[in-house]
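S.K.: Provided below: start.pdb, containing PDB, C-alpha atoms, pLDDT in the B column.
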```pdb
ATOM      1  CA  ASP G   1       0.000   0.000   0.000  1.00 89.00           C
ATOM      2  CA  ALA G   2       1.194   3.501  -0.753  1.00 92.00           C
ATOM      3  CA  LEU G   3       0.378   5.209   2.549  1.00 95.00           C
ATOM      4  CA  VAL G   4       1.843   8.355   0.993  1.00 97.00           C
ATOM      5  CA  PRO G   5       1.996   8.325  -2.817  1.00 97.00           C
ATOM      6  CA  GLU G   6       4.557  10.629  -4.403  1.00 97.00           C
ATOM      7  CA  ASN G   7       1.773  12.930  -5.644  1.00 97.00           C
ATOM      8  CA  ALA G   8       0.037  13.141  -2.246  1.00 97.00           C
ATOM      9  CA  ASP G   9      -1.266  16.548  -1.147  1.00 97.00           C
ATOM     10  CA  LYS G  10       1.419  18.336   0.833  1.00 98.00           C
ATOM     11  CA  ARG G  11       2.461  21.710   2.170  1.00 98.00           C
ATOM     12  CA  ALA G  12       5.967  23.153   2.180  1.00 98.00           C
ATOM     13  CA  ILE G  13       7.653  26.308   3.353  1.00 97.00           C
ATOM     14  CA  VAL G  14      11.096  27.877   3.270  1.00 98.00           C
ATOM     15  CA  PRO G  15      11.425  29.160   6.839  1.00 98.00           C
ATOM     16  CA  ILE G  16      12.745  32.650   7.551  1.00 96.00           C
ATOM     17  CA  GLY G  17      13.263  31.951  11.254  1.00 97.00           C
ATOM     18  CA  ASP G  18      12.509  29.428  13.978  1.00 96.00           C
ATOM     19  CA  ILE G  19       9.226  27.528  13.678  1.00 95.00           C
ATOM     20  CA  SER G  20       7.610  25.460  16.441  1.00 95.00           C
ATOM     21  CA  GLU G  21       9.056  21.943  16.551  1.00 95.00           C
ATOM     22  CA  ASN G  22       5.463  20.747  16.203  1.00 97.00           C
ATOM     23  CA  TRP G  23       5.778  21.204  12.420  1.00 98.00           C
ATOM     24  CA  LYS G  24       7.338  17.706  12.454  1.00 98.00           C
ATOM     25  CA  GLY G  25       4.153  16.185  13.853  1.00 97.00           C
ATOM     26  CA  GLY G  26       3.399  14.953  17.332  1.00 83.00           C
ATOM     27  CA  GLY G  27       1.687  18.193  18.344  1.00 90.00           C
ATOM     28  CA  GLU G  28      -0.828  20.800  17.241  1.00 93.00           C
ATOM     29  CA  PHE G  29       0.396  22.860  14.300  1.00 97.00           C
ATOM     30  CA  ASP G  30      -1.380  25.111  11.814  1.00 96.00           C
ATOM     31  CA  ASP G  31       0.175  24.924   8.342  1.00 97.00           C
ATOM     32  CA  SER G  32      -2.814  26.446   6.524  1.00 96.00           C
ATOM     33  CA  ALA G  33      -0.715  29.428   5.409  1.00 96.00           C
ATOM     34  CA  TRP G  34       2.009  27.226   3.888  1.00 97.00           C
ATOM     35  CA  PRO G  35       2.101  26.907   0.075  1.00 97.00           C
ATOM     36  CA  SER G  36       0.410  23.682  -0.997  1.00 97.00           C
ATOM     37  CA  SER G  37       1.007  21.103  -3.697  1.00 96.00           C
ATOM     38  CA  THR G  38      -1.618  18.795  -5.145  1.00 95.00           C
ATOM     39  CA  GLY G  39      -1.381  16.222  -7.898  1.00 95.00           C
ATOM     40  CA  SER G  40       1.456  14.839  -9.988  1.00 97.00           C
ATOM     41  CA  PRO G  41       4.404  14.742 -10.156  1.00 97.00           C
ATOM     42  CA  GLY G  42       4.466  15.742  -6.475  1.00 97.00           C
ATOM     43  CA  GLY G  43       8.021  16.960  -5.875  1.00 98.00           C
ATOM     44  CA  VAL G  44       9.045  20.181  -4.164  1.00 98.00           C
ATOM     45  CA  GLY G  45      12.042  22.251  -5.243  1.00 98.00           C
ATOM     46  CA  PHE G  46      13.359  24.370  -8.088  1.00 98.00           C
ATOM     47  CA  GLU G  47      15.449  24.130 -11.238  1.00 97.00           C
ATOM     48  CA  ARG G  48      17.376  27.079 -12.695  1.00 95.00           C
ATOM     49  CA  THR G  49      18.741  25.142 -15.668  1.00 92.00           C
ATOM     50  CA  SER G  50      17.262  21.739 -16.503  1.00 91.00           C
ATOM     51  CA  GLY G  51      17.042  18.342 -14.868  1.00 93.00           C
ATOM     52  CA  TYR G  52      14.421  18.386 -12.107  1.00 96.00           C
ATOM     53  CA  GLN G  53      11.610  20.254 -13.828  1.00 95.00           C
ATOM     54  CA  ASP G  54       9.645  17.042 -14.553  1.00 96.00           C
ATOM     55  CA  PHE G  55       9.600  16.103 -10.852  1.00 97.00           C
ATOM     56  CA  ILE G  56       8.479  19.405  -9.342  1.00 97.00           C
ATOM     57  CA  SER G  57       4.890  20.414  -8.532  1.00 97.00           C
ATOM     58  CA  LEU G  58       5.705  23.187  -6.056  1.00 97.00           C
ATOM     59  CA  ASP G  59       8.387  25.630  -7.237  1.00 97.00           C
ATOM     60  CA  LEU G  60      10.368  27.207  -4.399  1.00 97.00           C
ATOM     61  CA  LYS G  61      12.941  29.138  -6.411  1.00 97.00           C
ATOM     62  CA  GLU G  62      11.667  32.540  -5.261  1.00 97.00           C
ATOM     63  CA  PRO G  63      11.725  31.958  -1.469  1.00 97.00           C
ATOM     64  CA  MET G  64      14.704  29.594  -1.491  1.00 97.00           C
ATOM     65  CA  TYR G  65      17.385  30.525  -4.018  1.00 97.00           C
ATOM     66  CA  ALA G  66      20.123  32.671  -2.402  1.00 97.00           C
ATOM     67  CA  ARG G  67      17.957  32.917   0.744  1.00 97.00           C
ATOM     68  CA  ASN G  68      17.863  29.624   2.615  1.00 98.00           C
ATOM     69  CA  ALA G  69      19.081  26.069   1.985  1.00 98.00           C
ATOM     70  CA  THR G  70      16.291  24.574   4.144  1.00 98.00           C
ATOM     71  CA  CYS G  71      12.731  23.626   3.213  1.00 98.00           C
ATOM     72  CA  TYR G  72      10.095  22.011   5.455  1.00 98.00           C
ATOM     73  CA  VAL G  73       7.517  19.618   3.977  1.00 98.00           C
ATOM     74  CA  ARG G  74       4.392  18.256   5.700  1.00 98.00           C
ATOM     75  CA  ILE G  75       2.382  15.363   4.222  1.00 98.00           C
ATOM     76  CA  PRO G  76      -0.663  14.166   6.184  1.00 97.00           C
ATOM     77  CA  PHE G  77      -1.994  10.631   5.718  1.00 97.00           C
ATOM     78  CA  THR G  78      -4.425   8.250   7.406  1.00 96.00           C
ATOM     79  CA  ILE G  79      -4.305   4.520   8.068  1.00 94.00           C
ATOM     80  CA  ASP G  80      -6.889   2.067   9.311  1.00 91.00           C
ATOM     81  CA  THR G  81      -4.951  -1.193   9.486  1.00 91.00           C
ATOM     82  CA  ASN G  82      -1.717  -2.686  10.818  1.00 91.00           C
ATOM     83  CA  TYR G  83       1.336  -3.322   8.654  1.00 95.00           C
ATOM     84  CA  THR G  84       4.406  -5.540   8.846  1.00 95.00           C
ATOM     85  CA  SER G  85       6.920  -3.435   6.901  1.00 96.00           C
ATOM     86  CA  LEU G  86       7.480   0.215   6.059  1.00 97.00           C
ATOM     87  CA  THR G  87       9.682   1.761   3.357  1.00 98.00           C
ATOM     88  CA  LEU G  88      10.454   5.418   2.742  1.00 98.00           C
ATOM     89  CA  ASN G  89      11.425   6.150  -0.874  1.00 98.00           C
ATOM     90  CA  VAL G  90      13.066   9.529  -1.403  1.00 98.00           C
ATOM     91  CA  ARG G  91      14.406  11.561  -4.309  1.00 98.00           C
ATOM     92  CA  TYR G  92      16.614  14.251  -2.789  1.00 98.00           C
ATOM     93  CA  ASP G  93      19.063  17.033  -3.575  1.00 97.00           C
ATOM     94  CA  ASP G  94      20.994  17.257  -1.329  1.00 96.00           C
ATOM     95  CA  GLY G  95      20.015  15.951   2.121  1.00 98.00           C
ATOM     96  CA  PHE G  96      17.086  15.486   4.506  1.00 98.00           C
ATOM     97  CA  VAL G  97      15.828  14.405   7.893  1.00 98.00           C
ATOM     98  CA  ALA G  98      12.448  12.610   7.830  1.00 98.00           C
ATOM     99  CA  TYR G  99       9.956  12.298  10.670  1.00 98.00           C
ATOM    100  CA  ILE G 100       6.761  10.344  11.266  1.00 98.00           C
ATOM    101  CA  ASN G 101       4.521  11.954  13.865  1.00 97.00           C
ATOM    102  CA  GLY G 102       7.475  13.928  15.212  1.00 97.00           C
ATOM    103  CA  ILE G 103       9.905  10.976  15.508  1.00 97.00           C
ATOM    104  CA  GLU G 104      12.976  10.906  13.254  1.00 98.00           C
ATOM    105  CA  VAL G 105      12.931   7.835  10.994  1.00 98.00           C
ATOM    106  CA  ALA G 106      15.686   8.532   8.442  1.00 98.00           C
ATOM    107  CA  ARG G 107      18.347  11.043   7.396  1.00 98.00           C
ATOM    108  CA  ARG G 108      20.855  11.484   4.597  1.00 98.00           C
ATOM    109  CA  ASN G 109      23.784  13.928   4.190  1.00 98.00           C
ATOM    110  CA  PHE G 110      23.222  15.711   7.477  1.00 98.00           C
ATOM    111  CA  ASN G 111      24.750  15.331  10.942  1.00 96.00           C
ATOM    112  CA  GLY G 112      23.797  16.942  14.211  1.00 96.00           C
ATOM    113  CA  THR G 113      20.649  18.832  15.101  1.00 97.00           C
ATOM    114  CA  PRO G 114      18.899  20.515  12.170  1.00 97.00           C
ATOM    115  CA  ALA G 115      18.033  24.202  12.421  1.00 97.00           C
ATOM    116  CA  TRP G 116      15.726  26.387  10.313  1.00 98.00           C
ATOM    117  CA  ASN G 117      18.667  27.397   8.104  1.00 98.00           C
ATOM    118  CA  SER G 118      20.657  24.141   8.000  1.00 98.00           C
ATOM    119  CA  ARG G 119      22.504  23.011   4.882  1.00 98.00           C
ATOM    120  CA  ALA G 120      23.195  19.460   3.727  1.00 98.00           C
ATOM    121  CA  SER G 121      26.650  18.236   4.737  1.00 97.00           C
ATOM    122  CA  SER G 122      27.439  17.069   1.209  1.00 96.00           C
ATOM    123  CA  SER G 123      25.874  17.129  -2.210  1.00 95.00           C
ATOM    124  CA  HIS G 124      23.872  14.347  -3.869  1.00 95.00           C
ATOM    125  CA  SER G 125      24.471  14.225  -7.604  1.00 94.00           C
ATOM    126  CA  ASP G 126      21.601  15.088  -9.944  1.00 95.00           C
ATOM    127  CA  SER G 127      21.774  11.661 -11.581  1.00 95.00           C
ATOM    128  CA  ALA G 128      21.325   9.989  -8.164  1.00 95.00           C
ATOM    129  CA  ALA G 129      18.862  12.562  -6.844  1.00 96.00           C
ATOM    130  CA  VAL G 130      16.215  11.758  -9.460  1.00 96.00           C
ATOM    131  CA  LEU G 131      16.195   8.075  -8.442  1.00 96.00           C
ATOM    132  CA  PHE G 132      14.250   6.827  -5.445  1.00 97.00           C
ATOM    133  CA  GLU G 133      16.484   5.739  -2.590  1.00 97.00           C
ATOM    134  CA  ASN G 134      14.623   2.975  -0.758  1.00 98.00           C
ATOM    135  CA  ILE G 135      15.034   3.216   3.014  1.00 98.00           C
ATOM    136  CA  ASP G 136      13.670   0.440   5.238  1.00 98.00           C
ATOM    137  CA  ILE G 137      12.055   2.101   8.260  1.00 98.00           C
ATOM    138  CA  THR G 138      10.138  -0.966   9.483  1.00 97.00           C
ATOM    139  CA  ASP G 139      11.676  -0.386  12.935  1.00 97.00           C
ATOM    140  CA  PHE G 140       9.411   2.671  13.223  1.00 97.00           C
ATOM    141  CA  LEU G 141       6.095   0.938  12.462  1.00 96.00           C
ATOM    142  CA  SER G 142       5.074   1.489  16.077  1.00 95.00           C
ATOM    143  CA  GLU G 143       5.092   5.260  15.471  1.00 96.00           C
ATOM    144  CA  LEU G 144       2.091   4.954  13.123  1.00 96.00           C
ATOM    145  CA  HIS G 145      -1.322   5.648  14.642  1.00 94.00           C
ATOM    146  CA  GLN G 146      -4.698   4.409  13.507  1.00 94.00           C
ATOM    147  CA  GLY G 147      -6.291   7.465  11.912  1.00 95.00           C
ATOM    148  CA  ASP G 148      -4.311  10.629  11.242  1.00 95.00           C
ATOM    149  CA  ASN G 149      -0.538  10.634  10.755  1.00 97.00           C
ATOM    150  CA  LEU G 150       2.089  13.011   9.405  1.00 98.00           C
ATOM    151  CA  LEU G 151       5.202  12.470   7.319  1.00 98.00           C
ATOM    152  CA  ALA G 152       7.419  15.546   7.735  1.00 98.00           C
ATOM    153  CA  ILE G 153      10.677  16.160   5.903  1.00 98.00           C
ATOM    154  CA  HIS G 154      13.354  18.735   6.646  1.00 98.00           C
ATOM    155  CA  ALA G 155      14.979  18.943   3.205  1.00 98.00           C
ATOM    156  CA  MET G 156      18.288  20.688   2.654  1.00 98.00           C
ATOM    157  CA  ASN G 157      20.368  21.988  -0.218  1.00 98.00           C
ATOM    158  CA  SER G 158      24.149  21.965   0.155  1.00 97.00           C
ATOM    159  CA  SER G 159      24.258  25.729  -0.403  1.00 97.00           C
ATOM    160  CA  LYS G 160      21.881  28.677  -0.622  1.00 96.00           C
ATOM    161  CA  THR G 161      23.023  29.366  -4.188  1.00 96.00           C
ATOM    162  CA  SER G 162      22.861  25.840  -5.583  1.00 96.00           C
ATOM    163  CA  SER G 163      21.243  25.909  -9.031  1.00 95.00           C
ATOM    164  CA  ASP G 164      18.633  23.277  -8.193  1.00 97.00           C
ATOM    165  CA  PHE G 165      16.843  21.553  -5.346  1.00 97.00           C
ATOM    166  CA  LEU G 166      14.529  18.547  -5.085  1.00 98.00           C
ATOM    167  CA  ILE G 167      12.671  16.637  -2.418  1.00 98.00           C
ATOM    168  CA  SER G 168      10.043  14.055  -3.287  1.00 98.00           C
ATOM    169  CA  ALA G 169       8.954  11.066  -1.242  1.00 98.00           C
ATOM    170  CA  GLU G 170       6.548   8.181  -0.924  1.00 98.00           C
ATOM    171  CA  LEU G 171       5.801   5.923   2.034  1.00 98.00           C
ATOM    172  CA  ILE G 172       5.059   2.282   1.240  1.00 97.00           C
ATOM    173  CA  ALA G 173       3.677  -0.283   3.689  1.00 96.00           C
ATOM    174  CA  ALA G 174       3.272  -4.028   3.271  1.00 93.00           C
ATOM    175  CA  GLY G 175       1.348  -6.636   5.192  1.00 86.00           C
ATOM    176  CA  GLY G 176      -2.280  -6.110   6.014  1.00 69.00           C
ATOM    177  CA  ASP G 177      -4.449  -6.226   9.064  1.00 59.00           C
ATOM    178  CA  SER G 178      -3.465  -8.955  11.500  1.00 46.00           C
ATOM    179  CA  ASP G 179      -6.997 -10.423  11.389  1.00 45.00           C
ATOM    180  CA  ASP G 180      -6.666 -11.086   7.651  1.00 43.00           C
ATOM    181  CA  SER G 181      -3.311 -12.845   7.963  1.00 38.00           C
ATOM    182  CA  ALA G 182      -4.649 -15.039  10.760  1.00 40.00           C
ATOM    183  CA  ALA G 183      -7.573 -16.076   8.578  1.00 40.00           C
ATOM    184  CA  GLU G 184      -5.248 -16.758   5.657  1.00 41.00           C
ATOM    185  CA  GLY G 185      -3.044 -18.876   7.907  1.00 41.00           C
ATOM    186  CA  ILE G 186      -5.995 -21.115   8.756  1.00 40.00           C
ATOM    187  CA  LEU G 187      -7.003 -21.474   5.112  1.00 42.00           C
ATOM    188  CA  GLU G 188      -3.468 -22.227   3.974  1.00 46.00           C
ATOM    189  CA  TYR G 189      -2.930 -25.075   6.442  1.00 46.00           C
ATOM    190  CA  THR G 190      -3.759 -28.323   4.682  1.00 46.00           C
ATOM    191  CA  GLY G 191      -1.935 -30.875   6.840  1.00 51.00           C
ATOM    192  CA  PRO G 192      -3.620 -33.408   9.157  1.00 56.00           C
ATOM    193  CA  ILE G 193      -4.950 -32.257  12.494  1.00 56.00           C
ATOM    194  CA  THR G 194      -4.318 -34.730  15.302  1.00 56.00           C
ATOM    195  CA  LEU G 195      -6.272 -34.355  18.500  1.00 57.00           C
ATOM    196  CA  PRO G 196      -4.961 -36.019  21.707  1.00 55.00           C
TER     197      PRO G 196
END
```
Could you show the structure in this file as structure tokens?
M.R.:
Amino acid sequence: DALVPENADKRAIVPIGDISENWKGGGEFDDSAWPSSTGSPGGVGFERTSGYQDFISLDLKEPMYARNATCYVRIPFTIDTNYTSLTLNVRYDDGFVAYINGIEVARRNFNGTPAWNSRASSSHSDSAAVLFENIDITDFLSELHQGDNLLAIHAMNSSKTSSDFLISAELIAAGGDSDDSAAEGILEYTGPITLP
């Protein structure tokens, strides 16, 4: 199941100062004033030459280029079942820290504690950035709640004047509700049953 498809509705902002930590999820936060993205392709970023334009739905060149290397993305989603595995797929230029309901689940090209104006610690080549990196975050399944959830990403460019920037993600879960698998287990068993 794609809990969060790449073209999921999302909101993103290039911060100009500190924002409540609740933007990552895990607390009340109003993002209604943040620019929003709906529909395909679903990525957030900008391209001053060419390369990422086919991945970007929300263009952040104006607020981001030469101003800040950081962008915050919030993607709400809902679930109504239990899963057995969880994978975060990310296209990124240049780094990110990802959170589910306020808990960090993955990071690339960044060390330490991220701030509102953090930069990625190294660059991620354009040819690699356009490919999904598949990150197994099954260890964080317990952070998912029945009902409303939030995938938040602190995305970072390696410099404020980089010519392009991209962050695009999807969250994939496998395994269904435990009741279904139990029923399947009974149906699949075809061996003899011996009673004492």
S.K.: For a test of reading the model, state the distance in Å between atom CA of G:Glu104 and atom CA of G:Gly26, rounded to one decimal.
M.R.: 11.2 Å
S.K.: Suppose a student applies the PyMOL selection byres ((chain G and resi 52-62) around 8) to this structure; what residues should they get, written as a list in words?
M.R.: Val14, Ser36, Ser37, Thr38, Gly39, Ser40, Pro41, Gly42, Gly43, Val44, Gly45, Phe46, Glu47, Arg48, Ser50, Gly51, Pro63, Met64, Tyr65, Val130, Asp164, Phe165, Leu166 and Ser168 of chain G
S.K.: Could you give me, as a ChimeraX atom specification, the residues that sit within 8 Å of (6.7, 20.4, 9.7) in the file's coordinates, counting only C-alpha atoms?
M.R.: /G:21-25,72-74,152-154
S.K.: What do you get, as a PDB file with C-alpha atoms, keeping the file's coordinate frame, if you spell out every residue that the PyMOL selection byres ((chain G and resi 33) around 10) selects here?
M.R.:
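Below is the file that was written, selection.pdb:
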```pdb
ATOM      1  CA  ARG G  11       2.461  21.710   2.170  1.00 98.00           C
ATOM      2  CA  ALA G  12       5.967  23.153   2.180  1.00 98.00           C
ATOM      3  CA  ILE G  13       7.653  26.308   3.353  1.00 97.00           C
ATOM      4  CA  ASP G  30      -1.380  25.111  11.814  1.00 96.00           C
ATOM      5  CA  ASP G  31       0.175  24.924   8.342  1.00 97.00           C
ATOM      6  CA  SER G  32      -2.814  26.446   6.524  1.00 96.00           C
ATOM      7  CA  TRP G  34       2.009  27.226   3.888  1.00 97.00           C
ATOM      8  CA  PRO G  35       2.101  26.907   0.075  1.00 97.00           C
ATOM      9  CA  SER G  36       0.410  23.682  -0.997  1.00 97.00           C
TER      10      SER G  36
END
```
S.K.: Rounded to one decimal in Å, what is the spacing between atom CA of G:Thr70 and atom CA of G:Phe29?
M.R.: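 These atoms are spaced 18.9 Å apart.
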S.K.: Please check which residues have atoms at most 12 Å from (9.0, 2.5, 6.8) in the file's coordinates, counting only C-alpha atoms, and write them as a PyMOL selection string.
M.R.: chain G and resi 1-4+83-90+98-100+104-106+134-144+151+169-174
S.K.: Could the residues in this selection be written to a file with C-alpha atoms, as an mmCIF file, keeping the file's coordinate frame?
M.R.:
```
data_model
loop_
_atom_site.group_PDB
_atom_site.id
_atom_site.type_symbol
_atom_site.label_atom_id
_atom_site.label_comp_id
_atom_site.auth_asym_id
_atom_site.auth_seq_id
_atom_site.Cartn_x
_atom_site.Cartn_y
_atom_site.Cartn_z
ATOM 1 C CA ASP G 1 0.000 0.000 0.000
ATOM 2 C CA ALA G 2 1.194 3.501 -0.753
ATOM 3 C CA LEU G 3 0.378 5.209 2.549
ATOM 4 C CA VAL G 4 1.843 8.355 0.993
ATOM 5 C CA TYR G 83 1.336 -3.322 8.654
ATOM 6 C CA THR G 84 4.406 -5.540 8.846
ATOM 7 C CA SER G 85 6.920 -3.435 6.901
ATOM 8 C CA LEU G 86 7.480 0.215 6.059
ATOM 9 C CA THR G 87 9.682 1.761 3.357
ATOM 10 C CA LEU G 88 10.454 5.418 2.742
ATOM 11 C CA ASN G 89 11.425 6.150 -0.874
ATOM 12 C CA VAL G 90 13.066 9.529 -1.403
ATOM 13 C CA ALA G 98 12.448 12.610 7.830
ATOM 14 C CA TYR G 99 9.956 12.298 10.670
ATOM 15 C CA ILE G 100 6.761 10.344 11.266
ATOM 16 C CA GLU G 104 12.976 10.906 13.254
ATOM 17 C CA VAL G 105 12.931 7.835 10.994
ATOM 18 C CA ALA G 106 15.686 8.532 8.442
ATOM 19 C CA ASN G 134 14.623 2.975 -0.758
ATOM 20 C CA ILE G 135 15.034 3.216 3.014
ATOM 21 C CA ASP G 136 13.670 0.440 5.238
ATOM 22 C CA ILE G 137 12.055 2.101 8.260
ATOM 23 C CA THR G 138 10.138 -0.966 9.483
ATOM 24 C CA ASP G 139 11.676 -0.386 12.935
ATOM 25 C CA PHE G 140 9.411 2.671 13.223
ATOM 26 C CA LEU G 141 6.095 0.938 12.462
ATOM 27 C CA SER G 142 5.074 1.489 16.077
ATOM 28 C CA GLU G 143 5.092 5.260 15.471
ATOM 29 C CA LEU G 144 2.091 4.954 13.123
ATOM 30 C CA LEU G 151 5.202 12.470 7.319
ATOM 31 C CA ALA G 169 8.954 11.066 -1.242
ATOM 32 C CA GLU G 170 6.548 8.181 -0.924
ATOM 33 C CA LEU G 171 5.801 5.923 2.034
ATOM 34 C CA ILE G 172 5.059 2.282 1.240
ATOM 35 C CA ALA G 173 3.677 -0.283 3.689
ATOM 36 C CA ALA G 174 3.272 -4.028 3.271
#
```
S.K.: State, in Å with one decimal place, the distance from atom CA of G:Ile19 to atom CA of G:Trp116.
M.R.: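 Here the two named atoms are 7.4 Å from each other.
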S.K.: I need the residue set behind the PyMOL selection byres ((chain G and resi 93) around 7) for this file; please write it as an MDAnalysis selection string.
M.R.: chainID G and resid 92 94:95 123:124 129 157 165:167
S.K.: Of the candidates G:Arg119, G:Ile103, G:Pro15, G:Ser20, which shows the shortest atom-to-atom distance to G:Thr161, using all atoms listed in the file?
M.R.: G:Arg119
S.K.: Between G:Leu150, G:Val97, G:Arg91, G:Met156, which residue has the minimum interatomic distance to G:Leu131, considering only C-alpha atoms?
M.R.: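 Under the stated criterion, the closest residue is G:Arg91.
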S.K.: Please produce stretch 40-48 of chain G, completed to all heavy atoms, as a PDB file, in the frame of the given file.
M.R.:
```
ATOM      1  N   SER G  40       0.164  15.313  -9.491  1.00 97.00           N
ATOM      2  CA  SER G  40       1.456  14.839  -9.988  1.00 97.00           C
ATOM      3  C   SER G  40       2.252  15.986 -10.604  1.00 97.00           C
ATOM      4  O   SER G  40       1.666  16.954 -11.078  1.00 97.00           O
ATOM      5  CB  SER G  40       1.222  13.752 -11.035  1.00 97.00           C
ATOM      6  OG  SER G  40       0.598  12.636 -10.430  1.00 97.00           O
ATOM      7  N   PRO G  41       3.602  15.883 -10.634  1.00 97.00           N
ATOM      8  CA  PRO G  41       4.404  14.742 -10.156  1.00 97.00           C
ATOM      9  C   PRO G  41       4.565  14.674  -8.635  1.00 97.00           C
ATOM     10  O   PRO G  41       4.789  13.602  -8.096  1.00 97.00           O
ATOM     11  CB  PRO G  41       5.754  14.978 -10.832  1.00 97.00           C
ATOM     12  CG  PRO G  41       5.821  16.464 -11.032  1.00 97.00           C
ATOM     13  CD  PRO G  41       4.415  16.892 -11.323  1.00 97.00           C
ATOM     14  N   GLY G  42       4.486  15.788  -7.930  1.00 97.00           N
ATOM     15  CA  GLY G  42       4.466  15.742  -6.475  1.00 97.00           C
ATOM     16  C   GLY G  42       5.710  16.248  -5.773  1.00 97.00           C
ATOM     17  O   GLY G  42       5.709  16.410  -4.562  1.00 97.00           O
ATOM     18  N   GLY G  43       6.794  16.501  -6.521  1.00 98.00           N
ATOM     19  CA  GLY G  43       8.021  16.960  -5.875  1.00 98.00           C
ATOM     20  C   GLY G  43       7.989  18.433  -5.510  1.00 98.00           C
ATOM     21  O   GLY G  43       7.186  19.214  -6.013  1.00 98.00           O
ATOM     22  N   VAL G  44       8.897  18.805  -4.610  1.00 98.00           N
ATOM     23  CA  VAL G  44       9.045  20.181  -4.164  1.00 98.00           C
ATOM     24  C   VAL G  44      10.482  20.600  -4.460  1.00 98.00           C
ATOM     25  O   VAL G  44      11.407  19.820  -4.232  1.00 98.00           O
ATOM     26  CB  VAL G  44       8.768  20.279  -2.639  1.00 98.00           C
ATOM     27  CG1 VAL G  44       9.096  21.660  -2.116  1.00 98.00           C
ATOM     28  CG2 VAL G  44       7.309  19.917  -2.350  1.00 98.00           C
ATOM     29  N   GLY G  45      10.674  21.804  -4.981  1.00 98.00           N
ATOM     30  CA  GLY G  45      12.042  22.251  -5.243  1.00 98.00           C
ATOM     31  C   GLY G  45      12.098  23.331  -6.296  1.00 98.00           C
ATOM     32  O   GLY G  45      11.134  24.072  -6.495  1.00 98.00           O
ATOM     33  N   PHE G  46      13.238  23.423  -6.986  1.00 98.00           N
ATOM     34  CA  PHE G  46      13.359  24.370  -8.088  1.00 98.00           C
ATOM     35  C   PHE G  46      14.473  23.931  -9.021  1.00 98.00           C
ATOM     36  O   PHE G  46      15.320  23.105  -8.670  1.00 98.00           O
ATOM     37  CB  PHE G  46      13.604  25.808  -7.586  1.00 98.00           C
ATOM     38  CG  PHE G  46      14.923  26.028  -6.901  1.00 98.00           C
ATOM     39  CD1 PHE G  46      16.066  26.343  -7.630  1.00 98.00           C
ATOM     40  CD2 PHE G  46      15.026  25.957  -5.515  1.00 98.00           C
ATOM     41  CE1 PHE G  46      17.289  26.563  -7.000  1.00 98.00           C
ATOM     42  CE2 PHE G  46      16.237  26.182  -4.878  1.00 98.00           C
ATOM     43  CZ  PHE G  46      17.373  26.479  -5.619  1.00 98.00           C
ATOM     44  N   GLU G  47      14.456  24.454 -10.226  1.00 97.00           N
ATOM     45  CA  GLU G  47      15.449  24.130 -11.238  1.00 97.00           C
ATOM     46  C   GLU G  47      15.757  25.393 -12.026  1.00 97.00           C
ATOM     47  O   GLU G  47      14.867  25.966 -12.643  1.00 97.00           O
ATOM     48  CB  GLU G  47      14.916  23.026 -12.171  1.00 97.00           C
ATOM     49  CG  GLU G  47      15.842  22.651 -13.286  1.00 97.00           C
ATOM     50  CD  GLU G  47      17.202  22.180 -12.795  1.00 97.00           C
ATOM     51  OE1 GLU G  47      17.280  21.045 -12.293  1.00 97.00           O
ATOM     52  OE2 GLU G  47      18.165  22.970 -12.913  1.00 97.00           O
ATOM     53  N   ARG G  48      16.997  25.860 -11.979  1.00 95.00           N
ATOM     54  CA  ARG G  48      17.376  27.079 -12.695  1.00 95.00           C
ATOM     55  C   ARG G  48      17.919  26.776 -14.083  1.00 95.00           C
ATOM     56  O   ARG G  48      18.067  27.671 -14.905  1.00 95.00           O
ATOM     57  CB  ARG G  48      18.404  27.878 -11.881  1.00 95.00           C
ATOM     58  CG  ARG G  48      17.866  28.302 -10.529  1.00 95.00           C
ATOM     59  CD  ARG G  48      18.835  29.201  -9.790  1.00 95.00           C
ATOM     60  NE  ARG G  48      18.796  30.565 -10.324  1.00 95.00           N
ATOM     61  CZ  ARG G  48      19.870  31.283 -10.654  1.00 95.00           C
ATOM     62  NH1 ARG G  48      21.072  30.758 -10.540  1.00 95.00           N
ATOM     63  NH2 ARG G  48      19.743  32.509 -11.100  1.00 95.00           N
TER      64      ARG G  48
END
```
